[in-house]
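Engineer: Below you will find the structure I want to go over with you.
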Amino acid sequence: MAAGCSCTTQLLLYPFLLLTVLFFSPIRNHLTFSASNQVQIFSENPEVSFFPAKDTGNGSTSADGRHEKSHVEEIEEGLARARAAILEAARKRSYTSYKEETFIPRGSIYRNPYAFHQSHIEMEKRFRVWTYPEGEPPLFHHGPVNNIYSIEGQFIDEMESGKSPFMASHPDEALAFFLPISVVNIIRFVYRPYTNYSRDRLQKIVEDYIRIVSYKYPYWNRSRGADHFMVSCHDWAPDASTGNPNLFRNFIRVLCNANTTEGFRPIKDVSLPEIYLPYGKLSPPHQIQASTNRSILAFFAGGDHGDIRKKLFDVWKDKDDHIQVHEYLPKTLNYTELMGRSKFCLCPSGYEVASPRVVESIHAGCIPVIISDNYVLPFSDVLNWNQFSIQIPIDKIPEIKTILEGISISKYLEMQKKVKLVRRHFVLNRPSQPFDVMHMVMHSVWLRRLNIWMPW
């Protein structure tokens, strides 16, 4: 366990713009803020234990007396211009770009399409990420690219590929720093065969990695980790930071397991979509049927994992032709085909809040029905999930049929059209492309970087 010391560099959460509250509202559906506690949250400056800091460079004076800007000054001035451009776009309901725009986000699926569009433009222009080279595969720089945890490995591989437009050529030009740690591979190679489920080994590996890079580079200490992030889709990933809460207080965690009752912080952390990828594929299997060919009202098939699914099975399992709920399908039935024939696809949480069925539903053109508590949905910074999904509380599970039958045909058709529109944001491309799932993940990190300011 690394020893910590007090870091004297002050980190300020940006009090003027409050982008994520005013325009993107990632927490509007999860926390309630008054004017007083907004100030408290955005001005919080806790005592945090960190490793010895190195000189970060605060600019210099030339021979003729002119102030020469440091890298931090140049970065922060660029971010200030980005904030101003986003505010202006939201105010004028327009955008300005340094390049031709091939897609312009508009419509009610976005909380504020003008702010989002300008923010995406500014991100593509300015946001560069340095991936630390320290560590050896398979625990670092390598992760799963298929099956249920695929998004973790795909993101690591994208950042390591040399093709990402967000890759910084030198750490001094980076606005954020990526820790290429694979929690999935730590569990696979360090814990198996399972003798206990203590998170101690996971926590020590992550903390030791931070110790190494914080001694070798000045960047962690400069920001108290506020511009550093890691990405993981494993259920245990939130626990990687619980062994030393002070160390990770400002750190950005990009997690599939985005459960607010288990320490997920919507103002700081990022909700990562869980995507099941078959071997060699970049998208879930799907068969999209026309709206008029969808004869099944609602569909679910999956394992008896967790209390929510147990309740769903108790009420609906194999009991209704219109609400088709199955534990495991017989070989005569095709999962993908049934999703394509359904108007609504039930997405109950399993052992953890996230489920690949949310993305599968969107790819199938099926309106997702989220059955979960305390789940922060992916990209809810900018996406208005109420426009293209149904959210049913757990205690309303017996009323699923009544709720869904109460949705008019016109309302259903409108929502299904929006599911098709939002699909582009859940498509995985390699290399990534503007507004696809990789860009959306990066945009969520970019927003959190916009909301901090480092004095020089």
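Residues are referred to by chain and number: the chain letter is A, B, ... according to the order shown in the structure tokens, the number counts from 1 in that chain, and ligands are numbered separately from 1 in the order shown.
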Need the shell around A:Pro398: protein/DNA/RNA residues with any atom at most 12 Å away, counting only C-alpha atoms. Skip same-chain ones fewer than 6 positions apart. Format as a list in words?
Structural biologist: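 So, after excluding close chain neighbours, the residues are Ile308, Lys311, Leu312, Phe313, Asp314, Val315, Trp316, Lys317, Ile323, Ile371, Ile392 and Leu404 of chain A.
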Engineer: Would you export the selected residues with C-alpha atoms as a PDB file, in the first residue's frame, please?
Structural biologist:
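Printed below is result.pdb as written:
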```pdb
ATOM      1  CA  ILE A 308     -35.850  -7.898  -9.634  1.00  0.00           C
ATOM      2  CA  LYS A 311     -40.178 -10.831  -8.942  1.00  0.00           C
ATOM      3  CA  LEU A 312     -40.635 -10.513 -12.709  1.00  0.00           C
ATOM      4  CA  PHE A 313     -40.667 -14.302 -13.067  1.00  0.00           C
ATOM      5  CA  ASP A 314     -43.061 -14.755 -10.146  1.00  0.00           C
ATOM      6  CA  VAL A 315     -45.614 -12.520 -11.850  1.00  0.00           C
ATOM      7  CA  TRP A 316     -45.090 -13.122 -15.580  1.00  0.00           C
ATOM      8  CA  LYS A 317     -42.944 -16.150 -16.376  1.00  0.00           C
ATOM      9  CA  ILE A 323     -46.097 -10.291 -22.023  1.00  0.00           C
ATOM     10  CA  ILE A 371     -36.962  -2.067 -14.657  1.00  0.00           C
ATOM     11  CA  ILE A 392     -41.197   1.071 -14.625  1.00  0.00           C
ATOM     12  CA  LEU A 404     -47.853  -0.831 -21.844  1.00  0.00           C
TER      13      LEU A 404
END
```
Engineer: Write out as a Markdown table a residue-level contact list of stretch 139-215 of chain A versus stretch 425-434 of chain A with cut-off 8 Å: for each qualifying residue the closest pair of atoms and the distance in Å to one decimal, counting only C-alpha atoms, rows sorted by chain and residue number upward.
Structural biologist:
```
| residue | atom | partner | partner_atom | distance |
| --- | --- | --- | --- | --- |
| A:Glu158 | CA | A:Pro431 | CA | 6.8 |
| A:Lys163 | CA | A:Pro431 | CA | 6.4 |
| A:Ser164 | CA | A:Pro431 | CA | 6.6 |
```
Engineer: Could the residues in this selection be saved with all heavy atoms as an mmCIF file, in the first residue's frame?
Structural biologist:
```cif
data_model
loop_
_atom_site.group_PDB
_atom_site.id
_atom_site.type_symbol
_atom_site.label_atom_id
_atom_site.label_comp_id
_atom_site.auth_asym_id
_atom_site.auth_seq_id
_atom_site.Cartn_x
_atom_site.Cartn_y
_atom_site.Cartn_z
ATOM 1 N N GLU A 158 -9.121 0.640 -28.462
ATOM 2 C CA GLU A 158 -9.262 1.860 -29.274
ATOM 3 C C GLU A 158 -8.205 2.889 -28.878
ATOM 4 O O GLU A 158 -7.575 3.517 -29.745
ATOM 5 C CB GLU A 158 -10.666 2.439 -29.090
ATOM 6 C CG GLU A 158 -10.905 3.784 -29.740
ATOM 7 C CD GLU A 158 -11.120 3.713 -31.246
ATOM 8 O OE1 GLU A 158 -11.271 2.596 -31.776
ATOM 9 O OE2 GLU A 158 -11.122 4.788 -31.886
ATOM 10 N N LYS A 163 -5.056 4.891 -33.655
ATOM 11 C CA LYS A 163 -5.991 5.470 -34.630
ATOM 12 C C LYS A 163 -7.017 6.400 -33.999
ATOM 13 O O LYS A 163 -7.792 7.021 -34.716
ATOM 14 C CB LYS A 163 -6.724 4.340 -35.371
ATOM 15 C CG LYS A 163 -5.803 3.431 -36.176
ATOM 16 C CD LYS A 163 -6.586 2.321 -36.860
ATOM 17 C CE LYS A 163 -5.658 1.402 -37.648
ATOM 18 N NZ LYS A 163 -6.412 0.301 -38.302
ATOM 19 N N SER A 164 -7.022 6.497 -32.697
ATOM 20 C CA SER A 164 -8.021 7.334 -32.041
ATOM 21 C C SER A 164 -7.705 8.809 -32.260
ATOM 22 O O SER A 164 -6.562 9.249 -32.033
ATOM 23 C CB SER A 164 -8.069 7.048 -30.538
ATOM 24 O OG SER A 164 -8.895 7.995 -29.878
#
```
Engineer: At a cut-off of 12 Å, can you tabulate as JSON lines every residue of stretch 343-411 of chain A near stretch 240-255 of chain A together with its closest atom pair and the distance in Å to one decimal, using only C-alpha atoms and ordering rows by chain then number?
Structural biologist:
```
{"residue": "A:Glu352", "atom": "CA", "partner": "A:Leu255", "partner_atom": "CA", "distance": 11.5}
{"residue": "A:Val353", "atom": "CA", "partner": "A:Leu255", "partner_atom": "CA", "distance": 10.9}
{"residue": "A:Ala354", "atom": "CA", "partner": "A:Leu255", "partner_atom": "CA", "distance": 9.5}
{"residue": "A:Tyr375", "atom": "CA", "partner": "A:Leu255", "partner_atom": "CA", "distance": 11.3}
{"residue": "A:Val376", "atom": "CA", "partner": "A:Leu255", "partner_atom": "CA", "distance": 10.3}
{"residue": "A:Leu377", "atom": "CA", "partner": "A:Leu255", "partner_atom": "CA", "distance": 10.9}
{"residue": "A:Pro378", "atom": "CA", "partner": "A:Leu255", "partner_atom": "CA", "distance": 9.5}
{"residue": "A:Phe379", "atom": "CA", "partner": "A:Val254", "partner_atom": "CA", "distance": 11.3}
```
Engineer: Can you write just those residues out, all heavy atoms, as an mmCIF file, in the first residue's frame?
Structural biologist:
```cif
data_model
loop_
_atom_site.group_PDB
_atom_site.id
_atom_site.type_symbol
_atom_site.label_atom_id
_atom_site.label_comp_id
_atom_site.auth_asym_id
_atom_site.auth_seq_id
_atom_site.Cartn_x
_atom_site.Cartn_y
_atom_site.Cartn_z
ATOM 1 N N GLU A 352 -26.527 -6.905 -10.949
ATOM 2 C CA GLU A 352 -26.179 -5.490 -10.904
ATOM 3 C C GLU A 352 -27.153 -4.719 -11.795
ATOM 4 O O GLU A 352 -27.930 -5.306 -12.531
ATOM 5 C CB GLU A 352 -24.728 -5.278 -11.356
ATOM 6 C CG GLU A 352 -23.699 -6.021 -10.519
ATOM 7 C CD GLU A 352 -23.644 -5.560 -9.058
ATOM 8 O OE1 GLU A 352 -24.200 -4.483 -8.735
ATOM 9 O OE2 GLU A 352 -23.057 -6.281 -8.229
ATOM 10 N N VAL A 353 -27.082 -3.384 -11.744
ATOM 11 C CA VAL A 353 -28.121 -2.573 -12.384
ATOM 12 C C VAL A 353 -28.083 -2.633 -13.909
ATOM 13 O O VAL A 353 -29.122 -2.583 -14.569
ATOM 14 C CB VAL A 353 -28.038 -1.104 -11.921
ATOM 15 C CG1 VAL A 353 -28.448 -0.975 -10.464
ATOM 16 C CG2 VAL A 353 -26.642 -0.519 -12.153
ATOM 17 N N ALA A 354 -26.888 -2.717 -14.506
ATOM 18 C CA ALA A 354 -26.775 -2.638 -15.963
ATOM 19 C C ALA A 354 -27.172 -3.959 -16.610
ATOM 20 O O ALA A 354 -27.049 -5.033 -16.014
ATOM 21 C CB ALA A 354 -25.351 -2.271 -16.371
ATOM 22 N N TYR A 375 -30.392 3.232 -11.074
ATOM 23 C CA TYR A 375 -29.522 3.054 -12.230
ATOM 24 C C TYR A 375 -29.427 4.369 -13.002
ATOM 25 O O TYR A 375 -30.441 4.909 -13.447
ATOM 26 C CB TYR A 375 -30.070 1.942 -13.133
ATOM 27 C CG TYR A 375 -29.278 1.670 -14.388
ATOM 28 C CD1 TYR A 375 -27.896 1.844 -14.436
ATOM 29 C CD2 TYR A 375 -29.914 1.213 -15.546
ATOM 30 C CE1 TYR A 375 -27.182 1.568 -15.593
ATOM 31 C CE2 TYR A 375 -29.203 0.926 -16.700
ATOM 32 C CZ TYR A 375 -27.840 1.113 -16.719
ATOM 33 O OH TYR A 375 -27.128 0.845 -17.873
ATOM 34 N N VAL A 376 -28.207 4.879 -13.146
ATOM 35 C CA VAL A 376 -27.975 6.072 -13.959
ATOM 36 C C VAL A 376 -27.758 5.596 -15.395
ATOM 37 O O VAL A 376 -26.767 4.936 -15.699
ATOM 38 C CB VAL A 376 -26.750 6.857 -13.464
ATOM 39 C CG1 VAL A 376 -26.519 8.092 -14.342
ATOM 40 C CG2 VAL A 376 -26.937 7.273 -12.012
ATOM 41 N N LEU A 377 -28.671 5.910 -16.277
ATOM 42 C CA LEU A 377 -28.624 5.403 -17.645
ATOM 43 C C LEU A 377 -27.483 6.037 -18.433
ATOM 44 O O LEU A 377 -27.127 7.197 -18.205
ATOM 45 C CB LEU A 377 -29.954 5.661 -18.336
ATOM 46 C CG LEU A 377 -31.111 4.805 -17.816
ATOM 47 C CD1 LEU A 377 -32.455 5.412 -18.199
ATOM 48 C CD2 LEU A 377 -31.011 3.374 -18.338
ATOM 49 N N PRO A 378 -26.895 5.306 -19.378
ATOM 50 C CA PRO A 378 -25.766 5.834 -20.142
ATOM 51 C C PRO A 378 -26.121 7.111 -20.904
ATOM 52 O O PRO A 378 -27.216 7.240 -21.458
ATOM 53 C CB PRO A 378 -25.437 4.694 -21.120
ATOM 54 C CG PRO A 378 -25.969 3.458 -20.466
ATOM 55 C CD PRO A 378 -27.193 3.901 -19.724
ATOM 56 N N PHE A 379 -25.185 8.037 -20.909
ATOM 57 C CA PHE A 379 -25.269 9.277 -21.687
ATOM 58 C C PHE A 379 -26.459 10.137 -21.291
ATOM 59 O O PHE A 379 -26.938 10.952 -22.072
ATOM 60 C CB PHE A 379 -25.311 8.982 -23.188
ATOM 61 C CG PHE A 379 -24.320 7.945 -23.644
ATOM 62 C CD1 PHE A 379 -24.668 6.997 -24.593
ATOM 63 C CD2 PHE A 379 -23.037 7.907 -23.111
ATOM 64 C CE1 PHE A 379 -23.754 6.032 -25.010
ATOM 65 C CE2 PHE A 379 -22.113 6.942 -23.521
ATOM 66 C CZ PHE A 379 -22.482 5.999 -24.472
#
```
Engineer: Would you mind telling me which residue in A:Ile109, A:Tyr132, A:Gly302, A:Ile148 lies nearest to A:Phe388 when using only C-alpha atoms?
Structural biologist: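 Of A:Ile109, A:Tyr132, A:Gly302, A:Ile148, the one nearest A:Phe388 is A:Ile109, counting only C-alpha atoms.
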Engineer: What does the distance from atom CA of A:Glu152 to atom CA of A:Val231 come to in Å, to one decimal?
Structural biologist: 6.1 Å
Engineer: Any idea what the distance is between atom CA of A:Pro273 and atom CA of A:Cys233?
Structural biologist: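 Separation of atom CA of A:Pro273 and atom CA of A:Cys233: 8.4 Å.
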Engineer: Write out as an NGL selection string the residues lying within 12 Å of A:Ile187, counting only C-alpha atoms and excluding same-chain residues fewer than 3 positions away.
Structural biologist: :A and (138-139 or 143-144 or 181-184 or 190-203 or 205 or 232 or 234-237 or 240)
Engineer: Can you tell me, as a short mmCIF file (atom, residue, chain, number, x, y, z; two decimals) with N, CA and C atoms, in the first residue's frame, what residues are no more than 7 Å from stretch 85-97 of chain A when counting only C-alpha atoms, ignoring any on the same chain fewer than 6 positions away?
Structural biologist:
```cif
data_model
loop_
_atom_site.label_atom_id
_atom_site.label_comp_id
_atom_site.auth_asym_id
_atom_site.auth_seq_id
_atom_site.Cartn_x
_atom_site.Cartn_y
_atom_site.Cartn_z
N TYR A 114 -28.47 21.81 -29.00
CA TYR A 114 -27.52 22.84 -29.41
C TYR A 114 -26.27 22.81 -28.53
N ALA A 115 -26.47 22.71 -27.23
CA ALA A 115 -25.33 22.60 -26.32
C ALA A 115 -24.54 21.32 -26.59
N GLN A 118 -22.50 21.63 -29.97
CA GLN A 118 -21.32 22.47 -29.84
C GLN A 118 -20.27 21.83 -28.94
N SER A 119 -20.74 21.16 -27.89
CA SER A 119 -19.82 20.47 -26.99
C SER A 119 -19.07 19.36 -27.72
N ILE A 121 -18.44 19.30 -30.93
CA ILE A 121 -17.49 19.97 -31.82
C ILE A 121 -16.24 20.38 -31.05
#
```
Engineer: Which of these, A:Gln289, A:Met442, A:Ser349, A:Tyr98, has the shortest distance to A:Asn259 once you count only C-alpha atoms?
Structural biologist: A:Ser349
Engineer: Could you list, as a PyMOL selection string, every residue within 7 Å of stretch 290-301 of chain A, counting only C-alpha atoms and ignoring same-chain residues fewer than 3 positions away?
Structural biologist: chain A and resi 322-329+339+341-346
Engineer: If you keep N, CA, C and O atoms, can you produce a file of those selected residues as a PDB file, in the first residue's frame?
Structural biologist:
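Output (again_23.pdb):
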```pdb
ATOM      1  N   HIS A 322     -48.974 -12.115 -24.436  1.00  0.00           N
ATOM      2  CA  HIS A 322     -48.634 -10.748 -24.829  1.00  0.00           C
ATOM      3  C   HIS A 322     -47.416 -10.224 -24.072  1.00  0.00           C
ATOM      4  O   HIS A 322     -46.629  -9.454 -24.625  1.00  0.00           O
ATOM      5  N   ILE A 323     -47.290 -10.619 -22.820  1.00  0.00           N
ATOM      6  CA  ILE A 323     -46.097 -10.291 -22.023  1.00  0.00           C
ATOM      7  C   ILE A 323     -45.281 -11.574 -21.927  1.00  0.00           C
ATOM      8  O   ILE A 323     -45.450 -12.385 -21.018  1.00  0.00           O
ATOM      9  N   GLN A 324     -44.413 -11.795 -22.888  1.00  0.00           N
ATOM     10  CA  GLN A 324     -43.672 -13.051 -22.982  1.00  0.00           C
ATOM     11  C   GLN A 324     -42.392 -12.951 -22.160  1.00  0.00           C
ATOM     12  O   GLN A 324     -41.420 -12.301 -22.557  1.00  0.00           O
ATOM     13  N   VAL A 325     -42.415 -13.596 -21.005  1.00  0.00           N
ATOM     14  CA  VAL A 325     -41.272 -13.615 -20.092  1.00  0.00           C
ATOM     15  C   VAL A 325     -40.828 -15.064 -19.929  1.00  0.00           C
ATOM     16  O   VAL A 325     -41.616 -15.920 -19.506  1.00  0.00           O
ATOM     17  N   HIS A 326     -39.589 -15.332 -20.291  1.00  0.00           N
ATOM     18  CA  HIS A 326     -39.049 -16.690 -20.236  1.00  0.00           C
ATOM     19  C   HIS A 326     -37.716 -16.668 -19.484  1.00  0.00           C
ATOM     20  O   HIS A 326     -36.993 -15.673 -19.532  1.00  0.00           O
ATOM     21  N   GLU A 327     -37.431 -17.791 -18.830  1.00  0.00           N
ATOM     22  CA  GLU A 327     -36.116 -17.898 -18.197  1.00  0.00           C
ATOM     23  C   GLU A 327     -35.092 -18.268 -19.266  1.00  0.00           C
ATOM     24  O   GLU A 327     -34.188 -17.512 -19.567  1.00  0.00           O
ATOM     25  N   TYR A 328     -35.229 -19.418 -19.852  1.00  0.00           N
ATOM     26  CA  TYR A 328     -34.373 -19.784 -20.977  1.00  0.00           C
ATOM     27  C   TYR A 328     -35.255 -20.280 -22.111  1.00  0.00           C
ATOM     28  O   TYR A 328     -36.191 -21.055 -21.898  1.00  0.00           O
ATOM     29  N   LEU A 329     -34.965 -19.825 -23.308  1.00  0.00           N
ATOM     30  CA  LEU A 329     -35.796 -20.178 -24.454  1.00  0.00           C
ATOM     31  C   LEU A 329     -35.522 -21.597 -24.920  1.00  0.00           C
ATOM     32  O   LEU A 329     -34.372 -22.044 -24.921  1.00  0.00           O
ATOM     33  N   MET A 339     -37.036 -10.530 -30.191  1.00  0.00           N
ATOM     34  CA  MET A 339     -36.847  -9.106 -29.908  1.00  0.00           C
ATOM     35  C   MET A 339     -37.314  -8.260 -31.091  1.00  0.00           C
ATOM     36  O   MET A 339     -37.958  -7.217 -30.914  1.00  0.00           O
ATOM     37  N   ARG A 341     -39.617  -8.930 -33.135  1.00  0.00           N
ATOM     38  CA  ARG A 341     -41.066  -8.991 -33.291  1.00  0.00           C
ATOM     39  C   ARG A 341     -41.809  -8.313 -32.149  1.00  0.00           C
ATOM     40  O   ARG A 341     -43.041  -8.311 -32.113  1.00  0.00           O
ATOM     41  N   SER A 342     -41.067  -7.740 -31.195  1.00  0.00           N
ATOM     42  CA  SER A 342     -41.679  -7.159 -29.996  1.00  0.00           C
ATOM     43  C   SER A 342     -41.733  -5.638 -30.069  1.00  0.00           C
ATOM     44  O   SER A 342     -40.821  -5.003 -30.578  1.00  0.00           O
ATOM     45  N   LYS A 343     -42.815  -5.090 -29.546  1.00  0.00           N
ATOM     46  CA  LYS A 343     -42.924  -3.634 -29.467  1.00  0.00           C
ATOM     47  C   LYS A 343     -42.062  -3.090 -28.332  1.00  0.00           C
ATOM     48  O   LYS A 343     -41.388  -2.067 -28.492  1.00  0.00           O
ATOM     49  N   PHE A 344     -42.113  -3.773 -27.204  1.00  0.00           N
ATOM     50  CA  PHE A 344     -41.353  -3.348 -26.032  1.00  0.00           C
ATOM     51  C   PHE A 344     -40.464  -4.500 -25.581  1.00  0.00           C
ATOM     52  O   PHE A 344     -40.888  -5.664 -25.614  1.00  0.00           O
ATOM     53  N   CYS A 345     -39.253  -4.180 -25.142  1.00  0.00           N
ATOM     54  CA  CYS A 345     -38.336  -5.200 -24.625  1.00  0.00           C
ATOM     55  C   CYS A 345     -38.042  -4.896 -23.161  1.00  0.00           C
ATOM     56  O   CYS A 345     -37.562  -3.796 -22.829  1.00  0.00           O
ATOM     57  N   LEU A 346     -38.351  -5.834 -22.308  1.00  0.00           N
ATOM     58  CA  LEU A 346     -38.141  -5.656 -20.875  1.00  0.00           C
ATOM     59  C   LEU A 346     -36.653  -5.762 -20.564  1.00  0.00           C
ATOM     60  O   LEU A 346     -35.976  -6.697 -20.998  1.00  0.00           O
TER      61      LEU A 346
END
```
Engineer: If I take atom CA of A:Glu414 and atom CA of A:Gln387, how far is one from the other in Å, to one decimal?
Structural biologist: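 Straight-line distance from atom CA of A:Glu414 to atom CA of A:Gln387 works out to 8.8 Å.
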Engineer: Going by DSSP on the backbone, which bits of stretch 298-337 of chain A are strand (DSSP E)? Write them as a list in words, please.
Structural biologist: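 Written out, the strand (DSSP E) residues of stretch 298-337 of chain A are Ala298, Phe299, Phe300, Ala301, Ile323, Gln324, Val325 and His326 of chain A.
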Engineer: Which residue out of A:Lys420, A:Arg106, A:Lys319, A:Arg265 has the minimum interatomic distance to A:Pro368 when only C-alpha atoms are used?
Structural biologist: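 Going through A:Lys420, A:Arg106, A:Lys319, A:Arg265 one by one, the smallest distance to A:Pro368 is for A:Lys420.
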Engineer: Please return, as a count of residues only, all residues of stretch 285-437 of chain A that DSSP assigns to alpha helix (DSSP H) on the basis of the backbone.
Structural biologist: 45
Engineer: Can you tell me which residues surround stretch 173-180 of chain A at a distance of at most 6 Å, considering only C-alpha atoms, apart from same-chain residues fewer than 3 positions away, and format the answer as a PyMOL selection string?
Structural biologist: chain A and resi 128-131+140-141+168+170+227-230
Engineer: Counting only C-alpha atoms, which of A:Glu73, A:Val145, A:Phe435, A:Ile151 gets nearest to A:Glu101?
Structural biologist: A:Phe435
